[in-house]
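Have a look at query.cif below; it lists mmCIF, C-alpha atoms and all ligand atoms.
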data_upload
#
loop_
_atom_site.label_atom_id
_atom_site.label_comp_id
_atom_site.auth_asym_id
_atom_site.auth_seq_id
_atom_site.Cartn_x
_atom_site.Cartn_y
_atom_site.Cartn_z
CA MET A 1189 -7.67 -82.54 5.73
CA ARG A 1190 -10.31 -81.90 3.16
CA GLU A 1191 -13.17 -84.31 2.63
CA LEU A 1192 -14.54 -85.16 -0.78
CA ARG A 1193 -18.06 -86.47 -1.24
CA THR A 1194 -17.68 -89.71 -3.14
CA TRP A 1195 -20.19 -91.74 -5.12
CA ARG A 1196 -20.08 -95.37 -6.22
CA HIS A 1197 -19.98 -95.81 -9.99
CA PRO A 1198 -22.30 -98.48 -11.45
CA ASP A 1199 -19.28 -100.28 -12.91
CA GLY A 1200 -18.77 -101.69 -9.43
CA ASN A 1201 -15.17 -100.64 -9.02
CA SER A 1202 -14.90 -96.90 -9.51
CA LEU A 1203 -15.33 -94.07 -7.07
CA LEU A 1204 -16.32 -90.59 -8.18
CA ALA A 1205 -15.03 -87.97 -5.79
CA TRP A 1206 -16.29 -84.46 -6.38
CA CYS A 1207 -13.40 -82.02 -5.95
CA PRO A 1208 -14.61 -78.46 -5.29
CA ASP A 1209 -11.12 -77.15 -5.99
CA CYS A 1210 -10.74 -78.71 -9.43
CA LYS A 1211 -14.47 -78.46 -10.21
CA ARG A 1212 -14.47 -82.01 -11.48
CA TYR A 1213 -14.81 -85.60 -10.37
CA HIS A 1214 -11.67 -87.50 -9.49
CA TRP A 1215 -11.82 -91.17 -10.33
CA HIS A 1216 -10.44 -93.61 -7.80
CA GLY A 1217 -10.41 -97.38 -7.87
CA ALA A 1218 -12.46 -99.12 -5.22
CA GLY A 1219 -10.07 -102.07 -4.99
CA GLY A 1220 -12.22 -104.66 -6.72
CA SER A 1221 -15.48 -103.96 -4.92
CA PHE A 1222 -17.01 -101.36 -2.65
CA THR A 1223 -16.02 -101.94 0.94
CA ASP A 1224 -15.24 -99.67 3.86
CA ASP A 1225 -11.62 -99.84 2.75
CA SER A 1226 -12.59 -98.26 -0.57
CA PHE A 1227 -13.13 -94.97 1.21
CA GLY A 1228 -11.10 -92.89 3.60
CA HIS A 1229 -7.70 -91.39 2.98
CA ARG A 1230 -6.34 -91.21 -0.55
CA ALA A 1231 -3.54 -89.42 -2.31
CA ALA A 1232 -5.03 -86.44 -4.11
CA HIS A 1233 -5.51 -86.57 -7.86
CA CYS A 1234 -5.16 -82.81 -7.92
CA HIS A 1235 -2.13 -80.87 -8.99
CA PRO A 1236 1.03 -81.72 -7.03
CA SER A 1237 0.82 -78.74 -4.69
CA VAL A 1238 -2.04 -80.41 -2.83
CA ASP A 1239 -0.25 -82.16 0.00
CA GLY A 1240 -1.56 -84.86 2.26
CA GLY A 1241 -4.34 -86.10 0.03
CA TYR A 1242 -7.98 -86.11 1.06
CA MET A 1243 -10.67 -88.22 2.60
CA LEU A 1244 -13.24 -89.95 0.42
CA ILE A 1245 -16.65 -89.87 2.10
CA ASP A 1246 -19.15 -92.47 0.92
CA GLN A 1247 -22.36 -90.98 -0.46
CA GLY A 1248 -23.78 -94.25 -1.75
CA PRO A 1249 -24.52 -95.19 -5.37
CA ALA A 1250 -24.12 -92.49 -7.99
CA THR A 1251 -27.44 -90.92 -8.88
CA GLU A 1252 -28.55 -90.39 -12.45
CA SER A 1253 -27.81 -86.70 -12.12
CA ILE A 1254 -24.25 -87.43 -11.01
CA LEU A 1255 -23.71 -89.75 -13.96
CA GLN A 1256 -25.10 -87.15 -16.33
CA ASP A 1257 -22.92 -84.47 -14.81
CA LEU A 1258 -19.93 -86.72 -15.26
CA LYS A 1259 -20.37 -86.53 -19.04
CA ARG A 1260 -20.16 -82.76 -19.08
CA ARG A 1261 -16.89 -81.27 -20.16
CA LYS A 1262 -17.27 -78.82 -17.32
CA PRO A 1263 -19.26 -80.60 -14.62
CA LEU A 1264 -21.64 -78.53 -12.54
CA GLY A 1265 -21.01 -80.50 -9.37
CA PRO A 1266 -23.36 -82.41 -7.08
CA ASP A 1267 -24.87 -79.33 -5.47
CA GLU A 1268 -26.02 -77.90 -8.78
CA THR A 1269 -27.21 -81.17 -10.23
CA GLN A 1270 -28.95 -82.59 -7.16
CA THR A 1271 -31.01 -79.48 -6.56
CA SER A 1272 -32.19 -79.18 -10.13
CA ALA A 1273 -35.28 -81.18 -10.99
CA GLY A 1274 -33.72 -82.47 -14.17
CA ASP A 1275 -33.72 -86.16 -13.28
CA LYS A 1276 -37.00 -86.90 -15.01
CA ARG A 1277 -36.01 -85.37 -18.33
ZN ZN B 1 -8.93 -81.94 -7.22
#
Let's see the structure in the file written out as structure tokens.
Amino acid sequence: MRELRTWRHPDGNSLLAWCPDCKRYHWHGAGGSFTDDSFGHRAAHCHPSVDGGYMLIDQGPATESILQDLKRRKPLGPDETQTSAGDKR
């Protein structure tokens, strides 16, 4: 089963799972607050042909670069954003 790196949104109840297949973040509810139960196996938010869902892997609070990337119509993804030194701009 695929594993998606997942960040905690500052709203306190949203998970941002980067999907390398869809090239976007899938939003999942954390269930009221972030607990261990917020992560783990979820039904995929991808197109229906993706069977079995995926695992959400906790990466901690969303960084500024993740939140910026989230606003892009075509997100670059965590690997592109984290390695760029754009956080200070
Ligand atoms: Zn997807």
Original post:
Hey, can you check how far atom CA of A:Asp1239 sits from atom CA of A:Met1189?
Top reply: 9.4 Å
**OP:** Show me which residues sit within 6 Å of ligand ZN 1 (chain B) when counting all atoms listed in the file, and put them as a ChimeraX atom specification.
**Re:** /A:1207,1209-1210,1233-1234
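Pairwise distance (atom CA of A:Gly1241, atom CA of A:His1229) equals 6.9 Å.
When the distance limit is 9 Å and all atoms listed in the file are what count, the residues near A:Ala1232, minus those fewer than 2 positions from it on the same chain, are His1214, Arg1230, Cys1234, His1235, Pro1236, Val1238, Asp1239, Gly1240, Gly1241, Tyr1242 and Met1243 of chain A.
Picture a line from atom CA of A:Ala1231 to atom CA of A:Gln1247; it runs 19.0 Å.
Each of A:Trp1206, A:Phe1227, A:Tyr1213, A:Phe1222 was compared to A:Leu1192 using only C-alpha atoms, and A:Trp1206 turns out to be the nearest.
Proximity to A:Pro1198 was assessed for A:Glu1252, A:Gly1219, A:Leu1244, A:Arg1212 counting all atoms listed in the file; the smallest distance is recorded for A:Glu1252.
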Original post:
For A:Ile1245, which residue among A:Glu1191, A:Glu1268, A:Asp1224, A:Asp1257 is the nearest when counting all atoms listed in the file?
Top reply: A:Glu1191
**OP:** Please provide the set of residues having any atom within 12 Å of A:Leu1258, restricted to all atoms listed in the file, with same-chain residues fewer than 2 positions apart removed, written as a PyMOL selection string.
**Re:** chain A and resi 1195+1197+1203-1206+1211-1215+1250-1256+1260-1266+1269
Subject >> Spatial neighbours of A:Asn1201, 10 Å, only C-alpha atoms, chain gap at least 6 places, as a list in words >> reply: His1216, Gly1217, Ala1218, Gly1219, Gly1220, Ser1221, Phe1222 and Ser1226 of chain A
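For the choices A:Pro1208, A:Pro1249, A:Gly1228, A:Gly1200, the atom-to-atom distance to A:Asp1267 is smallest for A:Pro1208 when using all atoms listed in the file.
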